[in-house]
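Notes follow once the structure below has been shown.
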Amino acid sequence: MSTSSQSSYNLTQITLHWLIAALVVFQIVFAEAIEEAAEAAEEGYRISAGEALLADAHIWVGFAVLGLTMLRVAIRLVRGAPAGAAGEPAFALLAMKATHLAFYVLLFAAPVTGIIAYYVFPEAGELHEIAKPAFIALIAIHVLATLWHHLIRRDDTLRRMIRPAQ
Ligand code: HEM
Ligand code: HEM
């Protein structure tokens, strides 16, 4: 995806980044209820009202991630993103681009496979479940890379995802 010369993300991009991050963490932490609901539907038993509420939340939060990601990608395509930090080695820039691209692929693939599993083929649940380890691995790499920038290289990578462009 393209980069442009602005020095930071804008307020909408920053809000979408942290909102989507929080919703994805919710999806991973509270996924047990939807699993239980899927199993109950297959085996014909009832789940508690609390579990049913959390299972519904999984569906709606998942749709919200899909919609907000579409908006985010549209803004990203029009406005671009800041280039990598100054003096960044080529391999680190490539790793950053690959991680960000993998996040975007997953932010689409997770809800789409979930929708297929829920409305069309329950068997697609197997594929949908890969979202969990895939997100956990990417988040770990992403957070470590951010800490490396902030604490070791002491550049403005983290600040530009906090303080909007003027
Ligand atoms: C960002 C979006 C989403 C994420 C990160 C996500 C994540 C997860 C996770 C972690 C599980 C449990 C897997 C496990 O513990 O092994 C799960 C199960 C499930 N999710 Fe999602 N989900 C998302 C969106 C959706 C959407 C939009 C739907 C449906 C409209 C959906 C439907 C389901 C169903 C039906 C299951 C149970 C699958 C089964 O047990 O066979 N998910 N999801
Ligand atoms: C589920 C959680 C997360 C997801 C899905 C996610 C996704 C992304 C994506 C796709 C980008 C690229 C933005 C673009 O240029 O289009 C990005 C940038 C960024 N993220 Fe995250 N992120 C998550 C959590 C976090 C956390 C916890 C931190 C802080 C430790 C963080 C810090 C940053 C920073 C500083 C950037 C800007 C990088 C740069 O400009 O080079 N993210 N994130």
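Within each chain, counting starts at residue 1; across the structure tokens, chains are named A, B, ... in the order shown, with ligands numbered 1 upward in that order.
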At a cut-off of 8 Å and counting only C-alpha atoms and all ligand atoms, what residues surround ligand 1? Please answer as an mmCIF file with all heavy atoms, in the first residue's frame.
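Listed below is the output, part-v6.cif:
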data_model
loop_
_atom_site.group_PDB
_atom_site.id
_atom_site.type_symbol
_atom_site.label_atom_id
_atom_site.label_comp_id
_atom_site.auth_asym_id
_atom_site.auth_seq_id
_atom_site.Cartn_x
_atom_site.Cartn_y
_atom_site.Cartn_z
ATOM 1 N N LEU A 23 -11.582 -4.087 19.848
ATOM 2 C CA LEU A 23 -12.638 -5.028 19.452
ATOM 3 C C LEU A 23 -12.051 -6.413 19.141
ATOM 4 O O LEU A 23 -12.652 -7.438 19.485
ATOM 5 C CB LEU A 23 -13.409 -4.490 18.239
ATOM 6 C CG LEU A 23 -14.202 -3.187 18.468
ATOM 7 C CD1 LEU A 23 -14.885 -2.739 17.178
ATOM 8 C CD2 LEU A 23 -15.230 -3.335 19.582
ATOM 9 N N VAL A 24 -10.863 -6.442 18.522
ATOM 10 C CA VAL A 24 -10.226 -7.733 18.214
ATOM 11 C C VAL A 24 -9.844 -8.456 19.509
ATOM 12 O O VAL A 24 -10.067 -9.667 19.660
ATOM 13 C CB VAL A 24 -8.993 -7.537 17.294
ATOM 14 C CG1 VAL A 24 -8.129 -8.780 17.248
ATOM 15 C CG2 VAL A 24 -9.437 -7.146 15.888
ATOM 16 N N VAL A 25 -9.322 -7.702 20.483
ATOM 17 C CA VAL A 25 -8.966 -8.324 21.772
ATOM 18 C C VAL A 25 -10.235 -8.881 22.427
ATOM 19 O O VAL A 25 -10.250 -10.015 22.932
ATOM 20 C CB VAL A 25 -8.224 -7.315 22.694
ATOM 21 C CG1 VAL A 25 -8.087 -7.867 24.105
ATOM 22 C CG2 VAL A 25 -6.852 -6.969 22.103
ATOM 23 N N GLN A 27 -12.896 -9.990 20.902
ATOM 24 C CA GLN A 27 -13.283 -11.201 20.155
ATOM 25 C C GLN A 27 -12.483 -12.417 20.606
ATOM 26 O O GLN A 27 -13.006 -13.524 20.674
ATOM 27 C CB GLN A 27 -13.054 -11.001 18.651
ATOM 28 C CG GLN A 27 -14.009 -10.057 17.969
ATOM 29 C CD GLN A 27 -15.459 -10.479 18.050
ATOM 30 O OE1 GLN A 27 -16.096 -10.300 19.076
ATOM 31 N NE2 GLN A 27 -16.004 -11.007 16.983
ATOM 32 N N ILE A 28 -11.183 -12.193 20.896
ATOM 33 C CA ILE A 28 -10.330 -13.325 21.261
ATOM 34 C C ILE A 28 -10.584 -13.742 22.713
ATOM 35 O O ILE A 28 -10.712 -14.921 23.021
ATOM 36 C CB ILE A 28 -8.855 -12.963 20.996
ATOM 37 C CG1 ILE A 28 -8.655 -12.880 19.478
ATOM 38 C CG2 ILE A 28 -7.907 -13.976 21.611
ATOM 39 C CD1 ILE A 28 -7.360 -12.260 19.063
ATOM 40 N N VAL A 29 -10.704 -12.739 23.601
ATOM 41 C CA VAL A 29 -10.856 -13.047 25.029
ATOM 42 C C VAL A 29 -12.216 -13.690 25.337
ATOM 43 O O VAL A 29 -12.307 -14.595 26.153
ATOM 44 C CB VAL A 29 -10.638 -11.760 25.874
ATOM 45 C CG1 VAL A 29 -10.990 -11.981 27.334
ATOM 46 C CG2 VAL A 29 -9.196 -11.283 25.742
ATOM 47 N N PHE A 30 -13.276 -13.232 24.638
ATOM 48 C CA PHE A 30 -14.623 -13.736 24.971
ATOM 49 C C PHE A 30 -15.171 -14.717 23.930
ATOM 50 O O PHE A 30 -16.381 -14.845 23.775
ATOM 51 C CB PHE A 30 -15.594 -12.560 25.163
ATOM 52 C CG PHE A 30 -15.241 -11.704 26.346
ATOM 53 C CD1 PHE A 30 -14.630 -10.476 26.178
ATOM 54 C CD2 PHE A 30 -15.488 -12.148 27.644
ATOM 55 C CE1 PHE A 30 -14.275 -9.685 27.273
ATOM 56 C CE2 PHE A 30 -15.139 -11.369 28.747
ATOM 57 C CZ PHE A 30 -14.538 -10.137 28.560
ATOM 58 N N ALA A 31 -14.279 -15.441 23.220
ATOM 59 C CA ALA A 31 -14.742 -16.322 22.135
ATOM 60 C C ALA A 31 -15.396 -17.608 22.639
ATOM 61 O O ALA A 31 -16.093 -18.285 21.885
ATOM 62 C CB ALA A 31 -13.579 -16.656 21.205
ATOM 63 N N GLU A 32 -15.174 -17.919 23.933
ATOM 64 C CA GLU A 32 -15.672 -19.203 24.426
ATOM 65 C C GLU A 32 -17.196 -19.328 24.292
ATOM 66 O O GLU A 32 -17.703 -20.410 23.981
ATOM 67 C CB GLU A 32 -15.292 -19.355 25.897
ATOM 68 C CG GLU A 32 -14.806 -20.744 26.237
ATOM 69 C CD GLU A 32 -14.259 -20.774 27.643
ATOM 70 O OE1 GLU A 32 -13.091 -20.384 27.842
ATOM 71 O OE2 GLU A 32 -15.036 -21.150 28.533
ATOM 72 N N ILE A 34 -19.315 -18.129 22.030
ATOM 73 C CA ILE A 34 -19.806 -18.457 20.678
ATOM 74 C C ILE A 34 -19.463 -19.911 20.343
ATOM 75 O O ILE A 34 -20.235 -20.606 19.689
ATOM 76 C CB ILE A 34 -19.273 -17.471 19.599
ATOM 77 C CG1 ILE A 34 -19.867 -17.741 18.207
ATOM 78 C CG2 ILE A 34 -17.777 -17.506 19.468
ATOM 79 C CD1 ILE A 34 -21.171 -17.123 17.959
ATOM 80 N N GLU A 35 -18.323 -20.391 20.853
ATOM 81 C CA GLU A 35 -17.961 -21.806 20.654
ATOM 82 C C GLU A 35 -18.995 -22.700 21.331
ATOM 83 O O GLU A 35 -19.454 -23.685 20.753
ATOM 84 C CB GLU A 35 -16.610 -22.074 21.334
ATOM 85 C CG GLU A 35 -15.449 -21.597 20.546
ATOM 86 C CD GLU A 35 -14.556 -22.760 20.232
ATOM 87 O OE1 GLU A 35 -13.677 -23.042 21.055
ATOM 88 O OE2 GLU A 35 -14.768 -23.405 19.192
ATOM 89 N N GLU A 36 -19.347 -22.320 22.573
ATOM 90 C CA GLU A 36 -20.327 -23.070 23.357
ATOM 91 C C GLU A 36 -21.681 -23.038 22.630
ATOM 92 O O GLU A 36 -22.364 -24.062 22.528
ATOM 93 C CB GLU A 36 -20.429 -22.392 24.738
ATOM 94 C CG GLU A 36 -21.214 -23.148 25.776
ATOM 95 C CD GLU A 36 -20.552 -24.442 26.241
ATOM 96 O OE1 GLU A 36 -19.334 -24.607 26.055
ATOM 97 O OE2 GLU A 36 -21.298 -25.293 26.757
ATOM 98 N N ALA A 37 -22.050 -21.853 22.086
ATOM 99 C CA ALA A 37 -23.326 -21.716 21.374
ATOM 100 C C ALA A 37 -23.340 -22.600 20.129
ATOM 101 O O ALA A 37 -24.356 -23.244 19.824
ATOM 102 C CB ALA A 37 -23.561 -20.256 20.994
ATOM 103 N N ALA A 38 -22.202 -22.655 19.414
ATOM 104 C CA ALA A 38 -22.128 -23.483 18.196
ATOM 105 C C ALA A 38 -22.284 -24.961 18.565
ATOM 106 O O ALA A 38 -22.995 -25.713 17.893
ATOM 107 C CB ALA A 38 -20.809 -23.229 17.475
ATOM 108 N N GLU A 39 -21.640 -25.360 19.666
ATOM 109 C CA GLU A 39 -21.706 -26.753 20.087
ATOM 110 C C GLU A 39 -23.132 -27.099 20.558
ATOM 111 O O GLU A 39 -23.668 -28.162 20.216
ATOM 112 C CB GLU A 39 -20.713 -26.978 21.229
ATOM 113 C CG GLU A 39 -20.328 -28.439 21.409
ATOM 114 C CD GLU A 39 -19.276 -28.580 22.487
ATOM 115 O OE1 GLU A 39 -18.255 -27.856 22.434
ATOM 116 O OE2 GLU A 39 -19.502 -29.401 23.401
ATOM 117 N N HIS A 58 -20.391 -11.515 20.025
ATOM 118 C CA HIS A 58 -19.330 -11.961 19.107
ATOM 119 C C HIS A 58 -19.721 -11.679 17.651
ATOM 120 O O HIS A 58 -18.910 -11.216 16.863
ATOM 121 C CB HIS A 58 -19.055 -13.456 19.312
ATOM 122 C CG HIS A 58 -17.864 -13.953 18.538
ATOM 123 N ND1 HIS A 58 -16.594 -13.941 19.052
ATOM 124 C CD2 HIS A 58 -17.754 -14.438 17.277
ATOM 125 C CE1 HIS A 58 -15.745 -14.406 18.133
ATOM 126 N NE2 HIS A 58 -16.426 -14.726 17.044
ATOM 127 N N ILE A 59 -20.978 -11.932 17.337
ATOM 128 C CA ILE A 59 -21.452 -11.708 15.967
ATOM 129 C C ILE A 59 -21.405 -10.217 15.637
ATOM 130 O O ILE A 59 -20.856 -9.808 14.612
ATOM 131 C CB ILE A 59 -22.920 -12.209 15.819
ATOM 132 C CG1 ILE A 59 -23.063 -13.675 16.255
ATOM 133 C CG2 ILE A 59 -23.442 -11.989 14.389
ATOM 134 C CD1 ILE A 59 -22.295 -14.656 15.463
ATOM 135 N N TRP A 60 -21.971 -9.381 16.540
ATOM 136 C CA TRP A 60 -22.084 -7.944 16.226
ATOM 137 C C TRP A 60 -20.734 -7.251 16.242
ATOM 138 O O TRP A 60 -20.447 -6.403 15.392
ATOM 139 C CB TRP A 60 -23.103 -7.263 17.165
ATOM 140 C CG TRP A 60 -24.467 -7.814 16.873
ATOM 141 C CD1 TRP A 60 -25.247 -8.558 17.697
ATOM 142 C CD2 TRP A 60 -25.162 -7.727 15.609
ATOM 143 N NE1 TRP A 60 -26.401 -8.933 17.031
ATOM 144 C CE2 TRP A 60 -26.373 -8.445 15.768
ATOM 145 C CE3 TRP A 60 -24.887 -7.128 14.382
ATOM 146 C CZ2 TRP A 60 -27.301 -8.567 14.728
ATOM 147 C CZ3 TRP A 60 -25.808 -7.247 13.345
ATOM 148 C CH2 TRP A 60 -26.993 -7.968 13.541
ATOM 149 N N VAL A 61 -19.897 -7.628 17.214
ATOM 150 C CA VAL A 61 -18.557 -7.013 17.258
ATOM 151 C C VAL A 61 -17.771 -7.436 16.013
ATOM 152 O O VAL A 61 -17.051 -6.638 15.413
ATOM 153 C CB VAL A 61 -17.824 -7.388 18.578
ATOM 154 C CG1 VAL A 61 -16.370 -6.952 18.541
ATOM 155 C CG2 VAL A 61 -18.533 -6.741 19.767
ATOM 156 N N GLY A 62 -17.956 -8.690 15.587
ATOM 157 C CA GLY A 62 -17.273 -9.166 14.366
ATOM 158 C C GLY A 62 -17.696 -8.373 13.134
ATOM 159 O O GLY A 62 -16.865 -7.985 12.320
ATOM 160 N N PHE A 63 -19.013 -8.095 13.017
ATOM 161 C CA PHE A 63 -19.486 -7.265 11.891
ATOM 162 C C PHE A 63 -18.912 -5.850 11.994
ATOM 163 O O PHE A 63 -18.568 -5.234 10.979
ATOM 164 C CB PHE A 63 -21.027 -7.185 11.878
ATOM 165 C CG PHE A 63 -21.674 -8.315 11.120
ATOM 166 C CD1 PHE A 63 -22.418 -9.291 11.767
ATOM 167 C CD2 PHE A 63 -21.541 -8.407 9.734
ATOM 168 C CE1 PHE A 63 -23.018 -10.341 11.064
ATOM 169 C CE2 PHE A 63 -22.138 -9.440 9.023
ATOM 170 C CZ PHE A 63 -22.868 -10.407 9.686
ATOM 171 N N ALA A 64 -18.818 -5.336 13.230
ATOM 172 C CA ALA A 64 -18.271 -3.978 13.417
ATOM 173 C C ALA A 64 -16.814 -3.939 12.956
ATOM 174 O O ALA A 64 -16.398 -2.990 12.281
ATOM 175 C CB ALA A 64 -18.385 -3.568 14.888
ATOM 176 N N VAL A 65 -16.039 -4.983 13.276
ATOM 177 C CA VAL A 65 -14.625 -5.022 12.839
ATOM 178 C C VAL A 65 -14.570 -4.987 11.311
ATOM 179 O O VAL A 65 -13.769 -4.245 10.725
ATOM 180 C CB VAL A 65 -13.907 -6.283 13.386
ATOM 181 C CG1 VAL A 65 -12.533 -6.460 12.730
ATOM 182 C CG2 VAL A 65 -13.757 -6.195 14.899
ATOM 183 N N LEU A 66 -15.448 -5.742 10.665
ATOM 184 C CA LEU A 66 -15.441 -5.771 9.194
ATOM 185 C C LEU A 66 -15.760 -4.378 8.617
ATOM 186 O O LEU A 66 -15.035 -3.870 7.751
ATOM 187 C CB LEU A 66 -16.452 -6.814 8.693
ATOM 188 C CG LEU A 66 -16.527 -7.019 7.183
ATOM 189 C CD1 LEU A 66 -15.178 -7.469 6.619
ATOM 190 C CD2 LEU A 66 -17.596 -8.064 6.830
ATOM 191 N N LEU A 106 -6.056 -10.409 7.709
ATOM 192 C CA LEU A 106 -6.730 -11.105 8.802
ATOM 193 C C LEU A 106 -7.979 -10.355 9.277
ATOM 194 O O LEU A 106 -8.990 -10.971 9.642
ATOM 195 C CB LEU A 106 -5.723 -11.240 9.957
ATOM 196 C CG LEU A 106 -5.931 -12.368 10.948
ATOM 197 C CD1 LEU A 106 -6.050 -13.712 10.240
ATOM 198 C CD2 LEU A 106 -4.768 -12.400 11.935
ATOM 199 N N LEU A 107 -7.922 -9.015 9.253
ATOM 200 C CA LEU A 107 -9.078 -8.214 9.689
ATOM 201 C C LEU A 107 -10.272 -8.411 8.755
ATOM 202 O O LEU A 107 -11.417 -8.176 9.136
ATOM 203 C CB LEU A 107 -8.699 -6.727 9.791
ATOM 204 C CG LEU A 107 -7.777 -6.365 10.970
ATOM 205 C CD1 LEU A 107 -7.238 -4.944 10.836
ATOM 206 C CD2 LEU A 107 -8.493 -6.535 12.311
ATOM 207 N N PHE A 108 -10.008 -8.839 7.502
ATOM 208 C CA PHE A 108 -11.105 -9.212 6.593
ATOM 209 C C PHE A 108 -11.434 -10.700 6.733
ATOM 210 O O PHE A 108 -12.593 -11.089 6.808
ATOM 211 C CB PHE A 108 -10.734 -8.929 5.130
ATOM 212 C CG PHE A 108 -10.924 -7.496 4.743
ATOM 213 C CD1 PHE A 108 -9.846 -6.648 4.591
ATOM 214 C CD2 PHE A 108 -12.210 -6.984 4.547
ATOM 215 C CE1 PHE A 108 -10.021 -5.312 4.252
ATOM 216 C CE2 PHE A 108 -12.403 -5.650 4.206
ATOM 217 C CZ PHE A 108 -11.304 -4.810 4.060
ATOM 218 N N ALA A 110 -11.000 -12.907 9.133
ATOM 219 C CA ALA A 110 -11.631 -13.400 10.367
ATOM 220 C C ALA A 110 -13.155 -13.208 10.314
ATOM 221 O O ALA A 110 -13.898 -14.184 10.459
ATOM 222 C CB ALA A 110 -11.002 -12.749 11.602
ATOM 223 N N PRO A 111 -13.654 -11.976 10.071
ATOM 224 C CA PRO A 111 -15.122 -11.841 10.015
ATOM 225 C C PRO A 111 -15.757 -12.626 8.864
ATOM 226 O O PRO A 111 -16.819 -13.225 9.054
ATOM 227 C CB PRO A 111 -15.355 -10.340 9.816
ATOM 228 C CG PRO A 111 -14.065 -9.658 10.073
ATOM 229 C CD PRO A 111 -12.969 -10.662 9.994
ATOM 230 N N VAL A 112 -15.115 -12.645 7.695
ATOM 231 C CA VAL A 112 -15.739 -13.322 6.541
ATOM 232 C C VAL A 112 -15.874 -14.829 6.803
ATOM 233 O O VAL A 112 -16.938 -15.413 6.584
ATOM 234 C CB VAL A 112 -14.955 -13.022 5.234
ATOM 235 C CG1 VAL A 112 -15.397 -13.938 4.108
ATOM 236 C CG2 VAL A 112 -15.142 -11.558 4.832
ATOM 237 N N THR A 113 -14.795 -15.461 7.339
ATOM 238 C CA THR A 113 -14.914 -16.902 7.629
ATOM 239 C C THR A 113 -15.923 -17.132 8.759
ATOM 240 O O THR A 113 -16.634 -18.143 8.761
ATOM 241 C CB THR A 113 -13.550 -17.532 8.011
ATOM 242 O OG1 THR A 113 -12.976 -16.746 9.068
ATOM 243 C CG2 THR A 113 -12.589 -17.582 6.838
ATOM 244 N N GLY A 114 -16.002 -16.178 9.713
ATOM 245 C CA GLY A 114 -16.996 -16.290 10.797
ATOM 246 C C GLY A 114 -18.411 -16.234 10.240
ATOM 247 O O GLY A 114 -19.271 -17.024 10.620
ATOM 248 N N ILE A 115 -18.641 -15.316 9.317
ATOM 249 C CA ILE A 115 -19.981 -15.162 8.708
ATOM 250 C C ILE A 115 -20.342 -16.447 7.950
ATOM 251 O O ILE A 115 -21.464 -16.963 8.060
ATOM 252 C CB ILE A 115 -20.006 -13.925 7.774
ATOM 253 C CG1 ILE A 115 -19.933 -12.647 8.613
ATOM 254 C CG2 ILE A 115 -21.250 -13.918 6.884
ATOM 255 C CD1 ILE A 115 -19.642 -11.370 7.829
ATOM 256 N N ILE A 116 -19.371 -16.996 7.209
ATOM 257 C CA ILE A 116 -19.639 -18.242 6.462
ATOM 258 C C ILE A 116 -19.970 -19.372 7.442
ATOM 259 O O ILE A 116 -20.932 -20.125 7.250
ATOM 260 C CB ILE A 116 -18.447 -18.600 5.542
ATOM 261 C CG1 ILE A 116 -18.271 -17.514 4.477
ATOM 262 C CG2 ILE A 116 -18.638 -19.976 4.897
ATOM 263 C CD1 ILE A 116 -17.027 -17.648 3.623
ATOM 264 N N ALA A 117 -19.168 -19.449 8.545
ATOM 265 C CA ALA A 117 -19.401 -20.529 9.527
ATOM 266 C C ALA A 117 -20.778 -20.384 10.180
ATOM 267 O O ALA A 117 -21.469 -21.368 10.429
ATOM 268 C CB ALA A 117 -18.309 -20.509 10.595
ATOM 269 N N TYR A 118 -21.179 -19.148 10.444
ATOM 270 C CA TYR A 118 -22.422 -18.916 11.189
ATOM 271 C C TYR A 118 -23.659 -19.078 10.314
ATOM 272 O O TYR A 118 -24.657 -19.665 10.729
ATOM 273 C CB TYR A 118 -22.388 -17.505 11.782
ATOM 274 C CG TYR A 118 -23.505 -17.220 12.746
ATOM 275 C CD1 TYR A 118 -23.578 -17.891 13.972
ATOM 276 C CD2 TYR A 118 -24.484 -16.272 12.454
ATOM 277 C CE1 TYR A 118 -24.591 -17.631 14.869
ATOM 278 C CE2 TYR A 118 -25.505 -16.006 13.357
ATOM 279 C CZ TYR A 118 -25.560 -16.685 14.558
ATOM 280 O OH TYR A 118 -26.563 -16.433 15.455
ATOM 281 N N TYR A 119 -23.584 -18.556 9.079
ATOM 282 C CA TYR A 119 -24.795 -18.526 8.247
ATOM 283 C C TYR A 119 -24.844 -19.624 7.181
ATOM 284 O O TYR A 119 -25.916 -19.912 6.667
ATOM 285 C CB TYR A 119 -24.926 -17.171 7.540
ATOM 286 C CG TYR A 119 -25.142 -16.024 8.489
ATOM 287 C CD1 TYR A 119 -24.118 -15.127 8.773
ATOM 288 C CD2 TYR A 119 -26.369 -15.845 9.131
ATOM 289 C CE1 TYR A 119 -24.306 -14.072 9.655
ATOM 290 C CE2 TYR A 119 -26.569 -14.796 10.021
ATOM 291 C CZ TYR A 119 -25.529 -13.908 10.280
ATOM 292 O OH TYR A 119 -25.715 -12.881 11.162
ATOM 293 N N PRO A 122 -21.278 -24.653 8.907
ATOM 294 C CA PRO A 122 -20.636 -24.696 10.235
ATOM 295 C C PRO A 122 -19.209 -25.239 10.165
ATOM 296 O O PRO A 122 -18.361 -24.874 10.970
ATOM 297 C CB PRO A 122 -21.543 -25.636 11.036
ATOM 298 C CG PRO A 122 -22.849 -25.607 10.325
ATOM 299 C CD PRO A 122 -22.556 -25.335 8.872
ATOM 300 N N GLU A 123 -18.917 -26.091 9.147
ATOM 301 C CA GLU A 123 -17.559 -26.677 9.010
ATOM 302 C C GLU A 123 -16.497 -25.598 8.849
ATOM 303 O O GLU A 123 -15.336 -25.807 9.192
ATOM 304 C CB GLU A 123 -17.477 -27.621 7.801
ATOM 305 C CG GLU A 123 -18.370 -28.858 7.874
ATOM 306 C CD GLU A 123 -19.848 -28.546 7.609
ATOM 307 O OE1 GLU A 123 -20.125 -27.496 7.004
ATOM 308 O OE2 GLU A 123 -20.701 -29.345 8.029
ATOM 309 N N ALA A 124 -16.899 -24.429 8.311
ATOM 310 C CA ALA A 124 -15.919 -23.349 8.119
ATOM 311 C C ALA A 124 -15.407 -22.816 9.462
ATOM 312 O O ALA A 124 -14.426 -22.071 9.506
ATOM 313 C CB ALA A 124 -16.532 -22.216 7.292
ATOM 314 N N GLY A 125 -16.060 -23.233 10.554
ATOM 315 C CA GLY A 125 -15.602 -22.854 11.895
ATOM 316 C C GLY A 125 -14.142 -23.245 12.117
ATOM 317 O O GLY A 125 -13.385 -22.530 12.764
ATOM 318 N N GLU A 126 -13.738 -24.383 11.547
ATOM 319 C CA GLU A 126 -12.343 -24.861 11.692
ATOM 320 C C GLU A 126 -11.371 -23.828 11.131
ATOM 321 O O GLU A 126 -10.332 -23.552 11.721
ATOM 322 C CB GLU A 126 -12.145 -26.159 10.894
ATOM 323 C CG GLU A 126 -13.084 -27.281 11.280
ATOM 324 C CD GLU A 126 -12.450 -28.179 12.320
ATOM 325 O OE1 GLU A 126 -11.252 -28.470 12.173
ATOM 326 O OE2 GLU A 126 -13.168 -28.572 13.275
ATOM 327 N N HIS A 128 -12.128 -20.610 10.576
ATOM 328 C CA HIS A 128 -12.302 -19.365 11.336
ATOM 329 C C HIS A 128 -11.461 -19.373 12.614
ATOM 330 O O HIS A 128 -10.925 -18.343 13.017
ATOM 331 C CB HIS A 128 -13.794 -19.221 11.661
ATOM 332 C CG HIS A 128 -14.132 -17.992 12.426
ATOM 333 N ND1 HIS A 128 -13.915 -16.734 11.939
ATOM 334 C CD2 HIS A 128 -14.667 -17.825 13.683
ATOM 335 C CE1 HIS A 128 -14.303 -15.843 12.843
ATOM 336 N NE2 HIS A 128 -14.765 -16.487 13.902
ATOM 337 N N GLU A 129 -11.310 -20.556 13.230
ATOM 338 C CA GLU A 129 -10.600 -20.636 14.506
ATOM 339 C C GLU A 129 -9.109 -20.320 14.378
ATOM 340 O O GLU A 129 -8.455 -20.000 15.371
ATOM 341 C CB GLU A 129 -10.805 -22.022 15.136
ATOM 342 C CG GLU A 129 -12.215 -22.157 15.684
ATOM 343 C CD GLU A 129 -12.535 -23.540 16.218
ATOM 344 O OE1 GLU A 129 -11.621 -24.393 16.254
ATOM 345 O OE2 GLU A 129 -13.700 -23.755 16.593
ATOM 346 N N ILE A 130 -8.575 -20.391 13.138
ATOM 347 C CA ILE A 130 -7.161 -20.054 12.926
ATOM 348 C C ILE A 130 -6.915 -18.578 13.256
ATOM 349 O O ILE A 130 -5.796 -18.163 13.558
ATOM 350 C CB ILE A 130 -6.739 -20.367 11.464
ATOM 351 C CG1 ILE A 130 -6.913 -21.853 11.184
ATOM 352 C CG2 ILE A 130 -5.286 -19.957 11.200
ATOM 353 C CD1 ILE A 130 -6.720 -22.224 9.717
ATOM 354 N N ALA A 131 -8.002 -17.765 13.206
ATOM 355 C CA ALA A 131 -7.858 -16.326 13.498
ATOM 356 C C ALA A 131 -7.196 -16.090 14.853
ATOM 357 O O ALA A 131 -6.416 -15.159 15.006
ATOM 358 C CB ALA A 131 -9.226 -15.646 13.458
ATOM 359 N N LYS A 132 -7.493 -16.966 15.808
ATOM 360 C CA LYS A 132 -6.984 -16.723 17.164
ATOM 361 C C LYS A 132 -5.447 -16.800 17.219
ATOM 362 O O LYS A 132 -4.808 -15.799 17.571
ATOM 363 C CB LYS A 132 -7.637 -17.701 18.140
ATOM 364 C CG LYS A 132 -7.247 -17.481 19.575
ATOM 365 C CD LYS A 132 -8.059 -18.404 20.459
ATOM 366 C CE LYS A 132 -7.618 -18.314 21.897
ATOM 367 N NZ LYS A 132 -8.522 -19.082 22.758
ATOM 368 N N PHE A 135 -3.847 -13.967 15.031
ATOM 369 C CA PHE A 135 -3.867 -12.622 15.641
ATOM 370 C C PHE A 135 -2.855 -12.545 16.790
ATOM 371 O O PHE A 135 -2.127 -11.561 16.912
ATOM 372 C CB PHE A 135 -5.262 -12.269 16.169
ATOM 373 C CG PHE A 135 -6.083 -11.452 15.204
ATOM 374 C CD1 PHE A 135 -7.318 -11.901 14.770
ATOM 375 C CD2 PHE A 135 -5.621 -10.224 14.740
ATOM 376 C CE1 PHE A 135 -8.082 -11.147 13.874
ATOM 377 C CE2 PHE A 135 -6.375 -9.469 13.845
ATOM 378 C CZ PHE A 135 -7.608 -9.935 13.415
#
Using only C-alpha atoms and all ligand atoms, what table do you get, as CSV, when you list each residue of chain A with an atom no more than 9 Å from ligand 2, its nearest pair of atoms, and their distance in Å rounded to one decimal, rows by chain then rising number?
residue,atom,partner,partner_atom_place_in_ligand_line,distance
A:Met1,CA,ligand 2,16 (O),8.1
A:Thr3,CA,ligand 2,15 (O),8.0
A:Ser8,CA,ligand 2,40 (O),7.4
A:Tyr9,CA,ligand 2,40 (O),7.5
A:Gln13,CA,ligand 2,13 (C),8.0
A:Ile14,CA,ligand 2,19 (C),8.7
A:His17,CA,ligand 2,43 (N),6.2
A:Trp18,CA,ligand 2,24 (C),6.9
A:Ile20,CA,ligand 2,5 (C),6.4
A:Ala21,CA,ligand 2,2 (C),3.7
A:Ala22,CA,ligand 2,1 (C),6.6
A:Leu23,CA,ligand 2,1 (C),7.6
A:Val24,CA,ligand 2,1 (C),5.1
A:Val25,CA,ligand 2,1 (C),5.8
A:Arg72,CA,ligand 2,16 (O),7.9
A:Val73,CA,ligand 2,16 (O),7.4
A:Arg76,CA,ligand 2,16 (O),5.9
A:Leu77,CA,ligand 2,16 (O),8.8
A:Gly80,CA,ligand 2,15 (O),7.5
A:Ala81,CA,ligand 2,15 (O),4.9
A:Pro82,CA,ligand 2,40 (O),6.0
A:Ala83,CA,ligand 2,41 (O),7.1
A:Gly84,CA,ligand 2,41 (O),5.4
A:Ala85,CA,ligand 2,41 (O),6.9
A:Leu93,CA,ligand 2,41 (O),8.6
A:Met96,CA,ligand 2,41 (O),6.9
A:Lys97,CA,ligand 2,12 (C),8.1
A:Thr99,CA,ligand 2,10 (C),7.6
A:His100,CA,ligand 2,10 (C),4.4
A:Leu101,CA,ligand 2,10 (C),6.7
A:Ala102,CA,ligand 2,10 (C),7.9
A:Phe103,CA,ligand 2,10 (C),5.1
A:Tyr104,CA,ligand 2,10 (C),5.5
A:Leu106,CA,ligand 2,5 (C),8.3
A:Leu107,CA,ligand 2,5 (C),7.0
A:Phe135,CA,ligand 2,1 (C),6.8
A:Ile136,CA,ligand 2,1 (C),8.1
A:Leu138,CA,ligand 2,4 (C),8.1
A:Ile139,CA,ligand 2,2 (C),5.7
A:Ala140,CA,ligand 2,27 (C),8.6
A:His142,CA,ligand 2,42 (N),6.3
A:Val143,CA,ligand 2,30 (C),4.4
A:Leu144,CA,ligand 2,30 (C),7.5
A:Ala145,CA,ligand 2,30 (C),8.3
A:Thr146,CA,ligand 2,35 (C),5.5
A:Leu147,CA,ligand 2,30 (C),6.7
A:His149,CA,ligand 2,35 (C),8.5
A:His150,CA,ligand 2,35 (C),8.6
A:Asp156,CA,ligand 2,35 (C),8.3
A:Thr157,CA,ligand 2,35 (C),5.1
A:Leu158,CA,ligand 2,35 (C),3.6
A:Arg159,CA,ligand 2,35 (C),6.8
A:Arg160,CA,ligand 2,40 (O),6.6
A:Met161,CA,ligand 2,35 (C),5.0
A:Ile162,CA,ligand 2,35 (C),7.7
